[in-house]
Amino acid sequence: MLGLMMQTPLRIAALLEHAAKWHADTEIVSRNTEGGLHRYTYHHAHLRAQQLANALAALGIGPGDRVATLAWNNHRHFELYYAVSGMGAVCHTINPRLFADQLLFIINDAQDRLLFFDLTFLPLVEKLAPHCPQVEHWVLMTDRAHLPAATALPSLLCYEDLLAAQAAAYEWPVFDEYTASSLCYTSGTTDQPKGVLYSHRSTLLHSYAASLPDCFNCSSRDVVLPVVPMFHVNAWGIPYMVPLNGCKLVLPGPGLDAASLYELFEQEGVTFSAGVPTIWFGLLQYMREGQRQFGTLRRMIVGGAACPPALLQAFADELHVEIRHAWGMTETSPLGTVSTLKSKHLALPAEEQQALRNKQGRVIFGVDMKIVDDQGQELPHDGVAFGDLLVRGPFIVGDYFHAAQPGQLTQNGWFRTGDVATIDADGFMQITDRSKDVIKSGGEWISSIALENLAVAHPAVAEAAVIGVPHPKWSERPLLLVVRKPGQDVSAAELLRFYEGKVAPWWVPNAVEFVDQLPHTATGKLLKTQLRQDFAGYKL
Ligand code: ADP
């Protein structure tokens, strides 16, 4: 017997319609690529999204067509999120920091028909265009005054001109909630980029999940500034979560340096933010240098890479900001776990509470997870046993876009994350490594992340990476690569002594190499594939 409730499909356009109707005067503030701040309300954002949908239709865009963006976090990008998905097309956000050959692969694999881009990326787009035959128009996200006098682009259109030619009345179509809404490629840390095609349903369910108190805990009283780019897994769902809750939204544009961020935090009264560890390290240093404090910032999410415990601690103790450690991937929309304490943990000593917060966190409703051994046998949730992390749920990938062998991705309905983790009885998950990064020494596994976290806790260390290098007896042994803080001199022997008593003796790296910098991926993660290549011939 079926239930008798209305069969209303979940649609992305409904989020913005809701905010425009019930939070009409709530602001969206955005730092323009051209300079200066742009300020308007959900009411106006909705009108402009409707104009844009009309403009897309006039350019011949229809259901299922891919429309790409190469853009910062700004109000025009926000309008594209809603106009493209809202009309039934697919909003394909591209990470401009990827290498040119990855970008070409992605644009051609997605078969984007239009590509919207910010002024910053004009030189990049001019280089890409000759190799993207199926892109019909390149749309510069600016007004006429900022159009280049001359360009090599075959068909350049102006965003503001497109909007100006259209009426602000548009009826958002109603369609099946499983309709594709947006497309994101994985950042290629371990492989060629792979397309993850989200649906309206998965996006809406993820938005509800992101709003929960043990997740982002955002309400209409919050002012939200996503530092995480809108080209990095849909800014972790924030552009969808804010209109659902009626939060004020602050978009930082291209200004991701600590001083520009701090200025916006203070000026706009930001209460909640989200970003990768590298961003928060930069901000922490800036705050310390000027002995600054935040006026309104209370809570932020750190994720995308393991957050060193020292960073969590510093934000809590020195800046009175709660950082919530979160884990996820492009394939999980991305939120999988967030680290918040249960009430029974509040009576624990401070160090034990901190140890829980350092973990990647507890699973949120909508995601189910387990760990398995090499034979696929489920491992206990004792916080000690570690194995391959598997997940499933309504906002977890079922297949990659254009998969060579469709139907092969999941095993018995579970998606293999490529991460290695422990889970405890309360559901706290802790990543011990990526399956490709774990160091296999004499048949036992050593967590490279644990060794890196300890290294960066040393006062002279700015950044650290640990990789496995070949060893005649143990097959692989850990090598510690260290970037020292400016003006700090610390020896290899001292760093190795620093591990004593903190890890099992056989986990201590065999050697230390000092480097000027470490390679990162487009999303700020350590690029260990490159490090392994660079140190392939290393002799211990
Ligand atoms: P890519 O897989 O190409 O790097 P993603 O942005 O999807 O692109 O990265 C997801 C991966 O990032 C996860 O599988 C995990 O290895 C890592 N990751 C994300 N958040 C965390 C975290 N809090 N701690 C440790 N690793 C993390």
# chains A, B, ... in the order shown; residues from 1 in each chain; ligands from 1

call {"tool": "closest_atom_pairs", "arguments": {"of": "chain A", "to": "ligand 1", "cutoff": "7 Å", "atoms": "only C-alpha atoms and all ligand atoms", "output": "CSV"}}
result
residue,atom,partner,partner_atom_place_in_ligand_line,distance
A:Thr186,CA,ligand 1,3 (O),4.3
A:Ser187,CA,ligand 1,3 (O),3.6
A:Gly188,CA,ligand 1,3 (O),4.0
A:Thr189,CA,ligand 1,3 (O),4.2
A:Thr190,CA,ligand 1,3 (O),6.3
A:Pro193,CA,ligand 1,3 (O),6.9
A:His232,CA,ligand 1,6 (O),6.9
A:Val233,CA,ligand 1,6 (O),6.9
A:Val302,CA,ligand 1,23 (N),6.9
A:Gly303,CA,ligand 1,23 (N),4.2
A:Gly304,CA,ligand 1,20 (N),3.5
A:Ala305,CA,ligand 1,27 (C),3.7
A:Ala306,CA,ligand 1,24 (N),3.1
A:Cys307,CA,ligand 1,23 (N),6.0
A:His325,CA,ligand 1,23 (N),5.9
A:Ala326,CA,ligand 1,23 (N),4.8
A:Trp327,CA,ligand 1,20 (N),3.8
A:Gly328,CA,ligand 1,19 (C),4.9
A:Met329,CA,ligand 1,7 (O),3.5
A:Thr330,CA,ligand 1,7 (O),3.7
A:Glu331,CA,ligand 1,7 (O),6.2
A:Gln360,CA,ligand 1,23 (N),5.1
A:Thr417,CA,ligand 1,14 (O),5.8
A:Gly418,CA,ligand 1,14 (O),6.1
A:Asp419,CA,ligand 1,16 (O),5.4
A:Ile431,CA,ligand 1,25 (C),5.7
A:Arg434,CA,ligand 1,16 (O),5.3
A:Thr523,CA,ligand 1,6 (O),7.0

call {"tool": "residues_around", "arguments": {"residues": "segment 277-291 of chain A", "least_positions_apart": "5", "cutoff": "12 Å", "atoms": "only C-alpha atoms", "output": "PyMOL selection string"}}
result
chain A and resi 226-229+255-263+265+300-321+323-326+456+462-463+485+520-521+523-526

call {"tool": "closest_residue", "arguments": {"among": "A:Thr529, A:Asn108, A:Asn510, A:Ser273", "to": "Leu251 of chain A", "atoms": "only C-alpha atoms"}}
result
A:Ser273

call {"tool": "residues_around", "arguments": {"residues": "Ala209 of chain A", "least_positions_apart": "5", "cutoff": "9 Å", "atoms": "only C-alpha atoms", "output": "list in words"}}
result
Leu204, Cys215, Phe216, Leu335, Ile364, Phe365 and Gly366 of chain A

call {"tool": "residues_around", "arguments": {"residues": "Leu379 of chain A", "least_positions_apart": "5", "cutoff": "12 Å", "atoms": "only C-alpha atoms", "output": "PyMOL selection string"}}
result
chain A and resi 369-374+384-390+420-425

call {"tool": "write_last_selection", "arguments": {"atoms": "all heavy atoms", "output": "CSV table (one decimal), in the first residue's frame"}}
result
chain,number,residue,atom,x,y,z
A,369,MET,N,28.2,3.1,6.8
A,369,MET,CA,29.6,2.8,6.5
A,369,MET,C,30.0,1.5,7.2
A,369,MET,O,29.4,1.1,8.3
A,369,MET,CB,30.5,3.9,6.8
A,369,MET,CG,30.6,4.4,8.2
A,369,MET,SD,31.9,5.6,8.5
A,369,MET,CE,31.6,6.8,7.2
A,370,LYS,N,31.1,0.9,6.7
A,370,LYS,CA,31.7,-0.3,7.4
A,370,LYS,C,33.1,-0.4,6.9
A,370,LYS,O,33.5,0.2,5.9
A,370,LYS,CB,30.9,-1.6,7.1
A,370,LYS,CG,31.0,-2.0,5.6
A,370,LYS,CD,30.3,-3.4,5.4
A,370,LYS,CE,30.3,-3.8,4.0
A,370,LYS,NZ,29.6,-5.1,3.8
A,371,ILE,N,33.9,-1.2,7.7
A,371,ILE,CA,35.3,-1.4,7.3
A,371,ILE,C,35.5,-2.9,7.1
A,371,ILE,O,34.9,-3.7,7.8
A,371,ILE,CB,36.3,-0.9,8.3
A,371,ILE,CG1,35.9,-1.2,9.7
A,371,ILE,CG2,36.6,0.6,8.1
A,371,ILE,CD1,37.0,-0.9,10.8
A,372,VAL,N,36.3,-3.3,6.1
A,372,VAL,CA,36.5,-4.7,5.7
A,372,VAL,C,38.0,-5.0,5.6
A,372,VAL,O,38.7,-4.1,5.3
A,372,VAL,CB,35.7,-5.1,4.4
A,372,VAL,CG1,34.2,-4.9,4.6
A,372,VAL,CG2,36.2,-4.3,3.2
A,373,ASP,N,38.3,-6.3,5.7
A,373,ASP,CA,39.7,-6.7,5.5
A,373,ASP,C,39.9,-7.1,4.1
A,373,ASP,O,39.0,-6.9,3.2
A,373,ASP,CB,40.1,-7.8,6.5
A,373,ASP,CG,39.3,-9.1,6.2
A,373,ASP,OD1,38.7,-9.2,5.1
A,373,ASP,OD2,39.3,-10.0,7.1
A,374,ASP,N,41.1,-7.5,3.8
A,374,ASP,CA,41.5,-7.9,2.4
A,374,ASP,C,40.5,-8.9,1.7
A,374,ASP,O,40.3,-8.9,0.5
A,374,ASP,CB,42.9,-8.5,2.4
A,374,ASP,CG,44.0,-7.4,2.5
A,374,ASP,OD1,43.6,-6.2,2.3
A,374,ASP,OD2,45.1,-7.7,2.8
A,384,VAL,N,40.2,0.2,16.8
A,384,VAL,CA,41.5,-0.3,16.7
A,384,VAL,C,41.7,-1.0,15.4
A,384,VAL,O,42.7,-0.6,14.6
A,384,VAL,CB,41.9,-1.3,17.9
A,384,VAL,CG1,43.3,-1.8,17.7
A,384,VAL,CG2,41.7,-0.6,19.2
A,385,ALA,N,40.9,-1.9,15.0
A,385,ALA,CA,41.0,-2.6,13.8
A,385,ALA,C,40.8,-1.6,12.6
A,385,ALA,O,39.9,-0.8,12.6
A,385,ALA,CB,39.9,-3.7,13.7
A,386,PHE,N,41.7,-1.7,11.6
A,386,PHE,CA,41.5,-0.8,10.5
A,386,PHE,C,41.5,-1.6,9.2
A,386,PHE,O,42.2,-2.6,9.0
A,386,PHE,CB,42.5,0.4,10.5
A,386,PHE,CG,44.0,0.1,10.5
A,386,PHE,CD1,44.7,0.1,9.3
A,386,PHE,CD2,44.6,0.0,11.7
A,386,PHE,CE1,46.1,-0.1,9.4
A,386,PHE,CE2,46.0,-0.2,11.8
A,386,PHE,CZ,46.7,-0.2,10.6
A,387,GLY,N,40.7,-1.1,8.3
A,387,GLY,CA,40.5,-1.8,7.0
A,387,GLY,C,39.9,-0.8,6.0
A,387,GLY,O,39.7,0.4,6.3
A,388,ASP,N,39.6,-1.4,4.8
A,388,ASP,CA,39.0,-0.5,3.7
A,388,ASP,C,37.7,0.0,4.1
A,388,ASP,O,36.8,-0.8,4.6
A,388,ASP,CB,38.9,-1.4,2.4
A,388,ASP,CG,40.3,-1.6,1.8
A,388,ASP,OD1,41.1,-0.6,1.8
A,388,ASP,OD2,40.6,-2.8,1.5
A,389,LEU,N,37.5,1.3,3.9
A,389,LEU,CA,36.2,1.9,4.3
A,389,LEU,C,35.2,1.9,3.1
A,389,LEU,O,35.5,2.3,2.0
A,389,LEU,CB,36.5,3.4,4.6
A,389,LEU,CG,35.3,4.3,5.0
A,389,LEU,CD1,34.7,3.8,6.4
A,389,LEU,CD2,35.8,5.7,5.1
A,390,LEU,N,34.0,1.3,3.4
A,390,LEU,CA,33.0,1.2,2.4
A,390,LEU,C,31.8,2.0,2.8
A,390,LEU,O,31.4,2.1,4.0
A,390,LEU,CB,32.6,-0.3,2.2
A,390,LEU,CG,33.3,-1.1,1.2
A,390,LEU,CD1,34.8,-1.1,1.4
A,390,LEU,CD2,32.9,-2.6,1.3
A,420,VAL,N,41.5,4.0,4.2
A,420,VAL,CA,41.6,3.0,5.2
A,420,VAL,C,41.3,3.6,6.6
A,420,VAL,O,41.8,4.7,6.8
A,420,VAL,CB,43.1,2.5,5.2
A,420,VAL,CG1,43.3,1.4,6.3
A,420,VAL,CG2,43.4,1.9,3.9
A,421,ALA,N,40.5,3.0,7.4
A,421,ALA,CA,39.9,3.6,8.6
A,421,ALA,C,39.6,2.7,9.7
A,421,ALA,O,39.5,1.5,9.5
A,421,ALA,CB,38.7,4.4,8.2
A,422,THR,N,39.5,3.3,10.9
A,422,THR,CA,38.9,2.5,12.1
A,422,THR,C,37.5,3.1,12.3
A,422,THR,O,37.3,4.3,11.9
A,422,THR,CB,39.7,2.7,13.3
A,422,THR,OG1,39.7,4.1,13.7
A,422,THR,CG2,41.2,2.3,13.2
A,423,ILE,N,36.7,2.4,13.0
A,423,ILE,CA,35.4,2.9,13.4
A,423,ILE,C,35.2,2.4,14.9
A,423,ILE,O,35.5,1.3,15.2
A,423,ILE,CB,34.2,2.3,12.6
A,423,ILE,CG1,34.4,2.7,11.1
A,423,ILE,CG2,32.9,2.9,13.1
A,423,ILE,CD1,33.3,2.1,10.2
A,424,ASP,N,34.8,3.3,15.8
A,424,ASP,CA,34.6,2.9,17.2
A,424,ASP,C,33.1,2.6,17.5
A,424,ASP,O,32.3,2.8,16.6
A,424,ASP,CB,35.3,3.8,18.2
A,424,ASP,CG,34.5,5.1,18.4
A,424,ASP,OD1,33.4,5.2,17.9
A,424,ASP,OD2,35.1,6.0,19.0
A,425,ALA,N,32.8,2.2,18.7
A,425,ALA,CA,31.4,1.8,19.0
A,425,ALA,C,30.5,2.9,18.9
A,425,ALA,O,29.3,2.7,18.7
A,425,ALA,CB,31.4,1.2,20.4

call {"tool": "closest_residue", "arguments": {"among": "A:Val223, A:Met141, A:Leu56, A:Leu346", "to": "Gln166 of chain A", "atoms": "only C-alpha atoms"}}
result
A:Leu56

call {"tool": "closest_residue", "arguments": {"among": "A:Thr296, A:Ser448, A:Ser333, A:Gln50", "to": "Val196 of chain A", "atoms": "only C-alpha atoms"}}
result
A:Ser333

call {"tool": "select_by_dssp", "arguments": {"residues": "segment 406-456 of chain A", "states": "strand (DSSP E or B)", "output": "MDAnalysis selection string"}}
result
chainID A and resid 411 414:423 428:434 439:441 444:446

call {"tool": "decode", "arguments": {"residues": "segment 75-92 of chain A", "atoms": "C-alpha atoms", "output": "JSON list (two decimals), in the first residue's frame"}}
result
[["chain", "number", "residue", "atom", "x", "y", "z"],
["A", 75, "HIS", "CA", 27.04, 35.82, -7.01],
["A", 76, "ARG", "CA", 27.07, 35.02, -10.73],
["A", 77, "HIS", "CA", 28.35, 31.52, -10.02],
["A", 78, "PHE", "CA", 25.54, 31.16, -7.46],
["A", 79, "GLU", "CA", 22.99, 32.21, -10.14],
["A", 80, "LEU", "CA", 24.44, 29.61, -12.52],
["A", 81, "TYR", "CA", 24.05, 26.86, -9.91],
["A", 82, "TYR", "CA", 20.31, 27.56, -9.78],
["A", 83, "ALA", "CA", 19.53, 28.58, -13.36],
["A", 84, "VAL", "CA", 21.32, 25.65, -15.01],
["A", 85, "SER", "CA", 20.09, 22.90, -12.66],
["A", 86, "GLY", "CA", 16.71, 24.58, -12.20],
["A", 87, "MET", "CA", 15.90, 24.40, -15.92],
["A", 88, "GLY", "CA", 16.86, 20.70, -16.04],
["A", 89, "ALA", "CA", 20.36, 21.10, -17.50],
["A", 90, "VAL", "CA", 23.55, 19.99, -15.75],
["A", 91, "CYS", "CA", 25.82, 22.49, -14.00],
["A", 92, "HIS", "CA", 29.38, 21.27, -14.52]]
